[in-house]
Every structure is written in C-alpha cells, then in structure tokens.
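As stored in coords_19.cif (mmCIF, N, CA and C atoms):
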data_run
#
loop_
_atom_site.group_PDB
_atom_site.id
_atom_site.type_symbol
_atom_site.label_atom_id
_atom_site.label_comp_id
_atom_site.auth_asym_id
_atom_site.auth_seq_id
_atom_site.Cartn_x
_atom_site.Cartn_y
_atom_site.Cartn_z
ATOM 1 N N TYR K 71 -33.837 26.080 5.148
ATOM 2 C CA TYR K 71 -33.420 26.136 3.759
ATOM 3 C C TYR K 71 -31.903 26.189 3.650
ATOM 4 N N VAL K 72 -31.285 27.103 4.381
ATOM 5 C CA VAL K 72 -29.825 27.229 4.348
ATOM 6 C C VAL K 72 -29.170 25.964 4.880
ATOM 7 N N GLU K 73 -29.732 25.400 5.945
ATOM 8 C CA GLU K 73 -29.174 24.159 6.500
ATOM 9 C C GLU K 73 -29.240 23.028 5.482
ATOM 10 N N ALA K 74 -30.345 22.950 4.757
ATOM 11 C CA ALA K 74 -30.494 21.903 3.747
ATOM 12 C C ALA K 74 -29.463 22.052 2.636
ATOM 13 N N LEU K 75 -29.137 23.271 2.288
ATOM 14 C CA LEU K 75 -28.133 23.500 1.253
ATOM 15 C C LEU K 75 -26.729 23.184 1.737
ATOM 16 N N SER K 76 -26.473 23.402 3.018
ATOM 17 C CA SER K 76 -25.118 23.203 3.525
ATOM 18 C C SER K 76 -24.777 21.731 3.720
ATOM 19 N N GLU K 77 -25.743 20.877 3.952
ATOM 20 C CA GLU K 77 -25.465 19.459 4.186
ATOM 21 C C GLU K 77 -24.793 18.778 3.003
ATOM 22 N N PRO K 78 -25.310 18.913 1.783
ATOM 23 C CA PRO K 78 -24.626 18.260 0.658
ATOM 24 C C PRO K 78 -23.219 18.807 0.429
ATOM 25 N N VAL K 79 -23.030 20.090 0.683
ATOM 26 C CA VAL K 79 -21.699 20.676 0.515
ATOM 27 C C VAL K 79 -20.735 20.055 1.518
ATOM 28 N N GLU K 80 -21.191 19.895 2.768
ATOM 29 C CA GLU K 80 -20.335 19.276 3.781
ATOM 30 C C GLU K 80 -20.002 17.841 3.396
ATOM 31 N N ALA K 81 -20.992 17.101 2.915
ATOM 32 C CA ALA K 81 -20.743 15.730 2.489
ATOM 33 C C ALA K 81 -19.784 15.720 1.303
ATOM 34 N N SER K 82 -19.977 16.654 0.386
ATOM 35 C CA SER K 82 -19.093 16.746 -0.775
ATOM 36 C C SER K 82 -17.667 17.071 -0.341
ATOM 37 N N ASP K 83 -17.519 18.006 0.597
ATOM 38 C CA ASP K 83 -16.195 18.349 1.121
ATOM 39 C C ASP K 83 -15.533 17.124 1.756
ATOM 40 N N ALA K 84 -16.302 16.357 2.503
ATOM 41 C CA ALA K 84 -15.756 15.157 3.137
ATOM 42 C C ALA K 84 -15.308 14.151 2.081
ATOM 43 N N GLN K 85 -16.083 14.032 1.008
ATOM 44 C CA GLN K 85 -15.713 13.105 -0.058
ATOM 45 C C GLN K 85 -14.445 13.564 -0.767
ATOM 46 N N VAL K 86 -14.333 14.864 -0.978
ATOM 47 C CA VAL K 86 -13.130 15.411 -1.612
ATOM 48 C C VAL K 86 -11.920 15.164 -0.717
ATOM 49 N N GLN K 87 -12.070 15.440 0.576
ATOM 50 C CA GLN K 87 -10.960 15.223 1.513
ATOM 51 C C GLN K 87 -10.575 13.750 1.569
ATOM 52 N N ALA K 88 -11.561 12.871 1.571
ATOM 53 C CA ALA K 88 -11.271 11.434 1.595
ATOM 54 C C ALA K 88 -10.516 11.024 0.334
ATOM 55 N N GLY K 89 -10.919 11.562 -0.802
ATOM 56 C CA GLY K 89 -10.224 11.267 -2.053
ATOM 57 C C GLY K 89 -8.803 11.783 -2.044
ATOM 58 N N GLU K 90 -8.628 12.994 -1.529
ATOM 59 C CA GLU K 90 -7.278 13.571 -1.438
ATOM 60 C C GLU K 90 -6.407 12.738 -0.502
ATOM 61 N N LEU K 91 -6.987 12.271 0.597
ATOM 62 C CA LEU K 91 -6.240 11.434 1.532
ATOM 63 C C LEU K 91 -5.829 10.129 0.876
ATOM 64 N N GLN K 92 -6.728 9.504 0.125
ATOM 65 C CA GLN K 92 -6.392 8.251 -0.560
ATOM 66 C C GLN K 92 -5.241 8.450 -1.537
ATOM 67 N N VAL K 93 -5.279 9.529 -2.291
ATOM 68 C CA VAL K 93 -4.212 9.820 -3.254
ATOM 69 C C VAL K 93 -2.895 10.063 -2.516
ATOM 70 N N ALA K 94 -2.957 10.863 -1.441
ATOM 71 C CA ALA K 94 -1.746 11.174 -0.671
ATOM 72 C C ALA K 94 -1.171 9.917 -0.021
ATOM 73 N N LEU K 95 -2.046 9.053 0.495
ATOM 74 C CA LEU K 95 -1.590 7.810 1.118
ATOM 75 C C LEU K 95 -0.922 6.903 0.093
ATOM 76 N N ALA K 96 -1.549 6.734 -1.049
ATOM 77 C CA ALA K 96 -0.964 5.888 -2.101
ATOM 78 C C ALA K 96 0.404 6.424 -2.525
ATOM 79 N N GLN K 97 0.509 7.737 -2.681
ATOM 80 C CA GLN K 97 1.778 8.354 -3.070
ATOM 81 C C GLN K 97 2.831 8.151 -1.985
ATOM 82 N N ALA K 98 2.434 8.358 -0.721
ATOM 83 C CA ALA K 98 3.373 8.202 0.390
ATOM 84 C C ALA K 98 3.872 6.764 0.492
ATOM 85 N N ILE K 99 2.990 5.801 0.281
ATOM 86 C CA ILE K 99 3.396 4.391 0.320
ATOM 87 C C ILE K 99 4.380 4.102 -0.809
ATOM 88 N N THR K 100 4.109 4.634 -1.991
ATOM 89 C CA THR K 100 4.995 4.447 -3.144
ATOM 90 C C THR K 100 6.391 4.993 -2.870
ATOM 91 N N GLU K 101 6.457 6.078 -2.107
ATOM 92 C CA GLU K 101 7.738 6.732 -1.844
ATOM 93 C C GLU K 101 8.515 6.144 -0.660
ATOM 94 N N LEU K 102 7.941 5.151 0.026
ATOM 95 C CA LEU K 102 8.676 4.510 1.119
ATOM 96 C C LEU K 102 9.900 3.797 0.552
ATOM 97 N N PRO K 103 10.953 3.659 1.365
ATOM 98 C CA PRO K 103 12.095 2.847 0.915
ATOM 99 C C PRO K 103 11.598 1.440 0.538
ATOM 100 N N PRO K 104 12.215 0.810 -0.453
ATOM 101 C CA PRO K 104 11.697 -0.461 -0.985
ATOM 102 C C PRO K 104 11.398 -1.540 0.062
ATOM 103 N N ARG K 105 12.340 -1.839 0.941
ATOM 104 C CA ARG K 105 12.091 -2.899 1.930
ATOM 105 C C ARG K 105 11.012 -2.476 2.918
ATOM 106 N N THR K 106 11.019 -1.219 3.291
ATOM 107 C CA THR K 106 10.010 -0.700 4.223
ATOM 108 C C THR K 106 8.623 -0.804 3.590
ATOM 109 N N ARG K 107 8.527 -0.441 2.316
ATOM 110 C CA ARG K 107 7.254 -0.539 1.594
ATOM 111 C C ARG K 107 6.799 -1.995 1.507
ATOM 112 N N GLU K 108 7.735 -2.876 1.214
ATOM 113 C CA GLU K 108 7.413 -4.300 1.090
ATOM 114 C C GLU K 108 6.837 -4.838 2.410
ATOM 115 N N VAL K 109 7.485 -4.508 3.511
ATOM 116 C CA VAL K 109 7.018 -4.962 4.821
ATOM 117 C C VAL K 109 5.650 -4.351 5.137
ATOM 118 N N PHE K 110 5.492 -3.068 4.863
ATOM 119 C CA PHE K 110 4.223 -2.396 5.139
ATOM 120 C C PHE K 110 3.080 -3.050 4.355
ATOM 121 N N VAL K 111 3.291 -3.286 3.076
ATOM 122 C CA VAL K 111 2.257 -3.889 2.229
ATOM 123 C C VAL K 111 1.937 -5.309 2.698
ATOM 124 N N MET K 112 2.956 -6.064 3.043
ATOM 125 C CA MET K 112 2.728 -7.430 3.518
ATOM 126 C C MET K 112 1.890 -7.434 4.786
ATOM 127 N N SER K 113 2.140 -6.467 5.652
ATOM 128 C CA SER K 113 1.404 -6.391 6.905
ATOM 129 C C SER K 113 -0.005 -5.846 6.701
ATOM 130 N N ARG K 114 -0.108 -4.700 6.073
ATOM 131 C CA ARG K 114 -1.399 -4.001 6.004
ATOM 132 C C ARG K 114 -2.306 -4.484 4.883
ATOM 133 N N GLU K 115 -1.754 -4.820 3.741
ATOM 134 C CA GLU K 115 -2.605 -5.232 2.627
ATOM 135 C C GLU K 115 -2.808 -6.745 2.577
ATOM 136 N N ARG K 116 -1.765 -7.493 2.902
ATOM 137 C CA ARG K 116 -1.885 -8.952 2.854
ATOM 138 C C ARG K 116 -2.286 -9.534 4.200
ATOM 139 N N GLY K 117 -2.198 -8.729 5.260
ATOM 140 C CA GLY K 117 -2.633 -9.172 6.580
ATOM 141 C C GLY K 117 -1.718 -10.181 7.251
ATOM 142 N N LEU K 118 -0.437 -10.211 6.855
ATOM 143 C CA LEU K 118 0.504 -11.162 7.451
ATOM 144 C C LEU K 118 0.982 -10.685 8.816
ATOM 145 N N ARG K 119 1.231 -11.635 9.694
ATOM 146 C CA ARG K 119 1.822 -11.325 11.000
ATOM 147 C C ARG K 119 3.312 -11.061 10.811
ATOM 148 N N TYR K 120 3.903 -10.359 11.767
ATOM 149 C CA TYR K 120 5.328 -10.022 11.669
ATOM 150 C C TYR K 120 6.172 -11.280 11.508
ATOM 151 N N SER K 121 5.837 -12.342 12.223
ATOM 152 C CA SER K 121 6.622 -13.582 12.124
ATOM 153 C C SER K 121 6.520 -14.184 10.719
ATOM 154 N N GLU K 122 5.353 -14.068 10.091
ATOM 155 C CA GLU K 122 5.177 -14.581 8.732
ATOM 156 C C GLU K 122 5.976 -13.749 7.732
ATOM 157 N N ILE K 123 5.981 -12.441 7.937
ATOM 158 C CA ILE K 123 6.762 -11.560 7.067
ATOM 159 C C ILE K 123 8.245 -11.880 7.212
ATOM 160 N N ALA K 124 8.688 -12.026 8.453
ATOM 161 C CA ALA K 124 10.092 -12.335 8.715
ATOM 162 C C ALA K 124 10.496 -13.636 8.018
ATOM 163 N N ASP K 125 9.664 -14.666 8.129
ATOM 164 C CA ASP K 125 9.956 -15.954 7.484
ATOM 165 C C ASP K 125 10.020 -15.807 5.971
ATOM 166 N N GLU K 126 9.058 -15.097 5.404
ATOM 167 C CA GLU K 126 8.998 -14.951 3.950
ATOM 168 C C GLU K 126 10.184 -14.159 3.401
ATOM 169 N N LEU K 127 10.617 -13.143 4.163
ATOM 170 C CA LEU K 127 11.729 -12.300 3.699
ATOM 171 C C LEU K 127 13.098 -12.795 4.172
ATOM 172 N N GLY K 128 13.112 -13.758 5.072
ATOM 173 C CA GLY K 128 14.379 -14.272 5.586
ATOM 174 C C GLY K 128 15.088 -13.277 6.488
ATOM 175 N N VAL K 129 14.310 -12.515 7.258
ATOM 176 C CA VAL K 129 14.875 -11.543 8.196
ATOM 177 C C VAL K 129 14.306 -11.823 9.582
ATOM 178 N N SER K 130 14.819 -11.122 10.574
ATOM 179 C CA SER K 130 14.325 -11.305 11.937
ATOM 180 C C SER K 130 13.017 -10.534 12.143
ATOM 181 N N VAL K 131 12.275 -10.941 13.150
ATOM 182 C CA VAL K 131 11.056 -10.220 13.512
ATOM 183 C C VAL K 131 11.413 -8.789 13.906
ATOM 184 N N LYS K 132 12.546 -8.612 14.561
ATOM 185 C CA LYS K 132 12.996 -7.258 14.939
ATOM 186 C C LYS K 132 13.192 -6.376 13.712
ATOM 187 N N ALA K 133 13.708 -6.948 12.630
ATOM 188 C CA ALA K 133 13.885 -6.180 11.391
ATOM 189 C C ALA K 133 12.534 -5.773 10.821
ATOM 190 N N VAL K 134 11.563 -6.674 10.900
ATOM 191 C CA VAL K 134 10.206 -6.357 10.435
ATOM 192 C C VAL K 134 9.632 -5.238 11.297
ATOM 193 N N GLU K 135 9.798 -5.348 12.622
ATOM 194 C CA GLU K 135 9.301 -4.311 13.527
ATOM 195 C C GLU K 135 9.928 -2.957 13.211
ATOM 196 N N ALA K 136 11.220 -2.952 12.963
ATOM 197 C CA ALA K 136 11.917 -1.699 12.658
ATOM 198 C C ALA K 136 11.399 -1.093 11.359
ATOM 199 N N ASN K 137 11.167 -1.913 10.348
ATOM 200 C CA ASN K 137 10.646 -1.414 9.077
ATOM 201 C C ASN K 137 9.222 -0.902 9.215
ATOM 202 N N MET K 138 8.397 -1.566 10.006
ATOM 203 C CA MET K 138 7.031 -1.089 10.220
ATOM 204 C C MET K 138 7.045 0.228 10.987
ATOM 205 N N SER K 139 7.896 0.336 11.986
ATOM 206 C CA SER K 139 8.009 1.600 12.728
ATOM 207 C C SER K 139 8.427 2.724 11.794
ATOM 208 N N ARG K 140 9.392 2.446 10.941
ATOM 209 C CA ARG K 140 9.863 3.448 9.975
ATOM 210 C C ARG K 140 8.730 3.830 9.025
ATOM 211 N N ALA K 141 8.013 2.840 8.512
ATOM 212 C CA ALA K 141 6.913 3.114 7.582
ATOM 213 C C ALA K 141 5.849 3.981 8.234
ATOM 214 N N LEU K 142 5.443 3.632 9.437
ATOM 215 C CA LEU K 142 4.387 4.393 10.112
ATOM 216 C C LEU K 142 4.843 5.812 10.448
ATOM 217 N N ARG K 143 6.098 5.959 10.839
ATOM 218 C CA ARG K 143 6.629 7.300 11.130
ATOM 219 C C ARG K 143 6.628 8.160 9.873
ATOM 220 N N ILE K 144 7.115 7.601 8.774
ATOM 221 C CA ILE K 144 7.172 8.343 7.509
ATOM 222 C C ILE K 144 5.761 8.700 7.050
ATOM 223 N N LEU K 145 4.840 7.757 7.140
ATOM 224 C CA LEU K 145 3.470 8.019 6.697
ATOM 225 C C LEU K 145 2.806 9.088 7.564
ATOM 226 N N ARG K 146 3.039 9.039 8.874
ATOM 227 C CA ARG K 146 2.495 10.084 9.757
ATOM 228 C C ARG K 146 3.028 11.453 9.361
ATOM 229 N N GLU K 147 4.324 11.513 9.064
ATOM 230 C CA GLU K 147 4.933 12.793 8.664
ATOM 231 C C GLU K 147 4.355 13.287 7.348
ATOM 232 N N ARG K 148 4.249 12.402 6.366
ATOM 233 C CA ARG K 148 3.771 12.797 5.034
ATOM 234 C C ARG K 148 2.286 13.141 5.027
ATOM 235 N N LEU K 149 1.528 12.524 5.927
ATOM 236 C CA LEU K 149 0.080 12.726 5.941
ATOM 237 C C LEU K 149 -0.371 13.627 7.089
ATOM 238 N N ALA K 150 0.557 14.339 7.700
ATOM 239 C CA ALA K 150 0.252 15.181 8.861
ATOM 240 C C ALA K 150 -0.875 16.170 8.579
ATOM 241 N N ALA K 151 -0.957 16.679 7.380
ATOM 242 C CA ALA K 151 -1.999 17.658 7.037
ATOM 243 C C ALA K 151 -3.402 17.057 7.136
ATOM 244 N N PHE K 152 -3.512 15.735 7.036
ATOM 245 C CA PHE K 152 -4.812 15.073 7.089
ATOM 246 C C PHE K 152 -5.165 14.574 8.481
ATOM 247 N N LEU K 153 -4.195 14.585 9.394
ATOM 248 C CA LEU K 153 -4.399 14.035 10.730
ATOM 249 C C LEU K 153 -4.807 15.129 11.702
ATOM 250 N N PRO K 154 -5.664 14.764 12.680
ATOM 251 C CA PRO K 154 -6.032 15.773 13.675
ATOM 252 C C PRO K 154 -4.828 16.103 14.545
ATOM 253 N N ARG K 155 -4.754 17.352 14.952
ATOM 254 C CA ARG K 155 -3.667 17.779 15.835
ATOM 255 C C ARG K 155 -4.038 17.468 17.269
ATOM 256 N N ALA K 156 -3.056 17.281 18.124
ATOM 257 C CA ALA K 156 -3.303 16.944 19.536
ATOM 258 C C ALA K 156 -4.167 18.016 20.206
ATOM 259 N N SER K 157 -4.012 19.265 19.810
ATOM 260 C CA SER K 157 -4.785 20.356 20.429
ATOM 261 C C SER K 157 -6.202 20.441 19.891
ATOM 262 N N ASP K 158 -6.562 19.624 18.877
ATOM 263 C CA ASP K 158 -7.911 19.639 18.300
ATOM 264 C C ASP K 158 -8.916 18.833 19.103
ATOM 265 N N ASP K 159 -8.481 18.162 20.157
ATOM 266 C CA ASP K 159 -9.374 17.305 20.937
ATOM 267 C C ASP K 159 -10.524 18.047 21.511
#

Would you mind writing the file's structure down as structure tokens?
Amino acid sequence: YVEALSEPVEASDAQVQAGELQVALAQAITELPPRTREVFVMSRERGLRYSEIADELGVSVKAVEANMSRALRILRERLAAFLPRASDD
C-alpha cells in the first residue's frame, strides 16, 4: 500500500524536476552572450555542423568551436544544481 502511494509521488517529483530543468535551461540559453547563443542554437536546435555555422556567420571553425565551448561551460555552471556530482556515481 505504501509503495503504491510512493510511486506516483516519485513520478510527480521527476516531472517537476524535469520542468524546472527545462525552465532553467531556457533561461540559461537566453542569458548567453549573443554570438555564443547564436552558435549554440545553430548547432543544437538547427543541427548544423561547425563548418556550416562558420560559413553562415562568416567566421572560422575555430571561432565556432570557441563559442560552443563557452556556451557549454556557462550552461554547465548555470545548471550545476541539476547535474549529478562526480561523487554521486
């Protein structure tokens, strides 16, 4: 009986956490520096390769790589509360 009651709560908690993560991710992406955000969106949402992004923006592939590295670092920092810690393995 108790186990049956706890399952929906756990699922509900997971749904709440997933929703909070989506909101936090959207906010973090919005707060990225403009060019970094542009490169991130082109890569992750539009599915473009770095060379395609570089061509479209008129920059080098290295510049695209640097912006993606910056975006991922910033997002990891901003979303750290949602990510598992190395000691949680």

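With all atoms listed in the file taken into account, every residue lying no more than 8 Å from the file point (10.2, -9.9, 2.2) is included here: Arg105, Glu108, Val109, Met112, Glu122, Ile123, Ala124, Asp125, Glu126, Leu127, Gly128 and Val129 of chain K.
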
N, CA and C atoms of the current selection, written as a PDB file, in the coordinates of the input:
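Full text of result.pdb as output:
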ATOM      1  N   ARG K 105      12.340  -1.839   0.941  1.00  0.00           N
ATOM      2  CA  ARG K 105      12.091  -2.899   1.930  1.00  0.00           C
ATOM      3  C   ARG K 105      11.012  -2.476   2.918  1.00  0.00           C
ATOM      4  N   GLU K 108       7.735  -2.876   1.214  1.00  0.00           N
ATOM      5  CA  GLU K 108       7.413  -4.300   1.090  1.00  0.00           C
ATOM      6  C   GLU K 108       6.837  -4.838   2.410  1.00  0.00           C
ATOM      7  N   VAL K 109       7.485  -4.508   3.511  1.00  0.00           N
ATOM      8  CA  VAL K 109       7.018  -4.962   4.821  1.00  0.00           C
ATOM      9  C   VAL K 109       5.650  -4.351   5.137  1.00  0.00           C
ATOM     10  N   MET K 112       2.956  -6.064   3.043  1.00  0.00           N
ATOM     11  CA  MET K 112       2.728  -7.430   3.518  1.00  0.00           C
ATOM     12  C   MET K 112       1.890  -7.434   4.786  1.00  0.00           C
ATOM     13  N   GLU K 122       5.353 -14.068  10.091  1.00  0.00           N
ATOM     14  CA  GLU K 122       5.177 -14.581   8.732  1.00  0.00           C
ATOM     15  C   GLU K 122       5.976 -13.749   7.732  1.00  0.00           C
ATOM     16  N   ILE K 123       5.981 -12.441   7.937  1.00  0.00           N
ATOM     17  CA  ILE K 123       6.762 -11.560   7.067  1.00  0.00           C
ATOM     18  C   ILE K 123       8.245 -11.880   7.212  1.00  0.00           C
ATOM     19  N   ALA K 124       8.688 -12.026   8.453  1.00  0.00           N
ATOM     20  CA  ALA K 124      10.092 -12.335   8.715  1.00  0.00           C
ATOM     21  C   ALA K 124      10.496 -13.636   8.018  1.00  0.00           C
ATOM     22  N   ASP K 125       9.664 -14.666   8.129  1.00  0.00           N
ATOM     23  CA  ASP K 125       9.956 -15.954   7.484  1.00  0.00           C
ATOM     24  C   ASP K 125      10.020 -15.807   5.971  1.00  0.00           C
ATOM     25  N   GLU K 126       9.058 -15.097   5.404  1.00  0.00           N
ATOM     26  CA  GLU K 126       8.998 -14.951   3.950  1.00  0.00           C
ATOM     27  C   GLU K 126      10.184 -14.159   3.401  1.00  0.00           C
ATOM     28  N   LEU K 127      10.617 -13.143   4.163  1.00  0.00           N
ATOM     29  CA  LEU K 127      11.729 -12.300   3.699  1.00  0.00           C
ATOM     30  C   LEU K 127      13.098 -12.795   4.172  1.00  0.00           C
ATOM     31  N   GLY K 128      13.112 -13.758   5.072  1.00  0.00           N
ATOM     32  CA  GLY K 128      14.379 -14.272   5.586  1.00  0.00           C
ATOM     33  C   GLY K 128      15.088 -13.277   6.488  1.00  0.00           C
ATOM     34  N   VAL K 129      14.310 -12.515   7.258  1.00  0.00           N
ATOM     35  CA  VAL K 129      14.875 -11.543   8.196  1.00  0.00           C
ATOM     36  C   VAL K 129      14.306 -11.823   9.582  1.00  0.00           C
TER      37      VAL K 129
END

Inset, instruction - Please evaluate the PyMOL selection byres ((chain K and resi 143-151) around 8) against the structure above and give the resulting residues as a ChimeraX atom specification. - result: /K:91,94-95,98-99,102,137-142,152-155

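Between atom C of Ser121 (chain K) and atom N of Gln92 (chain K) lies a distance of 29.1 Å.
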
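Nearest residue to Ala136 (chain K), choosing from K:Gly117, K:Asp83, K:Val111, K:Thr106 and counting all atoms listed in the file: K:Thr106.
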
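Note that the spacing between atom C of Gln85 (chain K) and atom N of Glu101 (chain K) amounts to 22.2 Å.
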
Please fill the gaps in region 105-118 of chain K so it has N, CA, C and O atoms, and write that as an mmCIF file, in the frame of the given file.
data_model
loop_
_atom_site.group_PDB
_atom_site.id
_atom_site.type_symbol
_atom_site.label_atom_id
_atom_site.label_comp_id
_atom_site.auth_asym_id
_atom_site.auth_seq_id
_atom_site.Cartn_x
_atom_site.Cartn_y
_atom_site.Cartn_z
ATOM 1 N N ARG K 105 12.340 -1.839 0.941
ATOM 2 C CA ARG K 105 12.091 -2.899 1.930
ATOM 3 C C ARG K 105 11.012 -2.476 2.918
ATOM 4 O O ARG K 105 10.163 -3.273 3.316
ATOM 5 N N THR K 106 11.019 -1.219 3.291
ATOM 6 C CA THR K 106 10.010 -0.700 4.223
ATOM 7 C C THR K 106 8.623 -0.804 3.590
ATOM 8 O O THR K 106 7.661 -1.225 4.236
ATOM 9 N N ARG K 107 8.527 -0.441 2.316
ATOM 10 C CA ARG K 107 7.254 -0.539 1.594
ATOM 11 C C ARG K 107 6.799 -1.995 1.507
ATOM 12 O O ARG K 107 5.630 -2.310 1.725
ATOM 13 N N GLU K 108 7.735 -2.876 1.214
ATOM 14 C CA GLU K 108 7.413 -4.300 1.090
ATOM 15 C C GLU K 108 6.837 -4.838 2.410
ATOM 16 O O GLU K 108 5.811 -5.527 2.418
ATOM 17 N N VAL K 109 7.485 -4.508 3.511
ATOM 18 C CA VAL K 109 7.018 -4.962 4.821
ATOM 19 C C VAL K 109 5.650 -4.351 5.137
ATOM 20 O O VAL K 109 4.741 -5.049 5.605
ATOM 21 N N PHE K 110 5.492 -3.068 4.863
ATOM 22 C CA PHE K 110 4.223 -2.396 5.139
ATOM 23 C C PHE K 110 3.080 -3.050 4.355
ATOM 24 O O PHE K 110 2.017 -3.351 4.910
ATOM 25 N N VAL K 111 3.291 -3.286 3.076
ATOM 26 C CA VAL K 111 2.257 -3.889 2.229
ATOM 27 C C VAL K 111 1.937 -5.309 2.698
ATOM 28 O O VAL K 111 0.767 -5.703 2.754
ATOM 29 N N MET K 112 2.956 -6.064 3.043
ATOM 30 C CA MET K 112 2.728 -7.430 3.518
ATOM 31 C C MET K 112 1.890 -7.434 4.786
ATOM 32 O O MET K 112 1.014 -8.288 4.963
ATOM 33 N N SER K 113 2.140 -6.467 5.652
ATOM 34 C CA SER K 113 1.404 -6.391 6.905
ATOM 35 C C SER K 113 -0.005 -5.846 6.701
ATOM 36 O O SER K 113 -0.990 -6.468 7.108
ATOM 37 N N ARG K 114 -0.108 -4.700 6.073
ATOM 38 C CA ARG K 114 -1.399 -4.001 6.004
ATOM 39 C C ARG K 114 -2.306 -4.484 4.883
ATOM 40 O O ARG K 114 -3.517 -4.551 5.062
ATOM 41 N N GLU K 115 -1.754 -4.820 3.741
ATOM 42 C CA GLU K 115 -2.605 -5.232 2.627
ATOM 43 C C GLU K 115 -2.808 -6.745 2.577
ATOM 44 O O GLU K 115 -3.894 -7.205 2.242
ATOM 45 N N ARG K 116 -1.765 -7.493 2.902
ATOM 46 C CA ARG K 116 -1.885 -8.952 2.854
ATOM 47 C C ARG K 116 -2.286 -9.534 4.200
ATOM 48 O O ARG K 116 -2.657 -10.705 4.281
ATOM 49 N N GLY K 117 -2.198 -8.729 5.260
ATOM 50 C CA GLY K 117 -2.633 -9.172 6.580
ATOM 51 C C GLY K 117 -1.718 -10.181 7.251
ATOM 52 O O GLY K 117 -2.157 -10.933 8.125
ATOM 53 N N LEU K 118 -0.437 -10.211 6.855
ATOM 54 C CA LEU K 118 0.504 -11.162 7.451
ATOM 55 C C LEU K 118 0.982 -10.685 8.816
ATOM 56 O O LEU K 118 1.119 -9.484 9.058
#
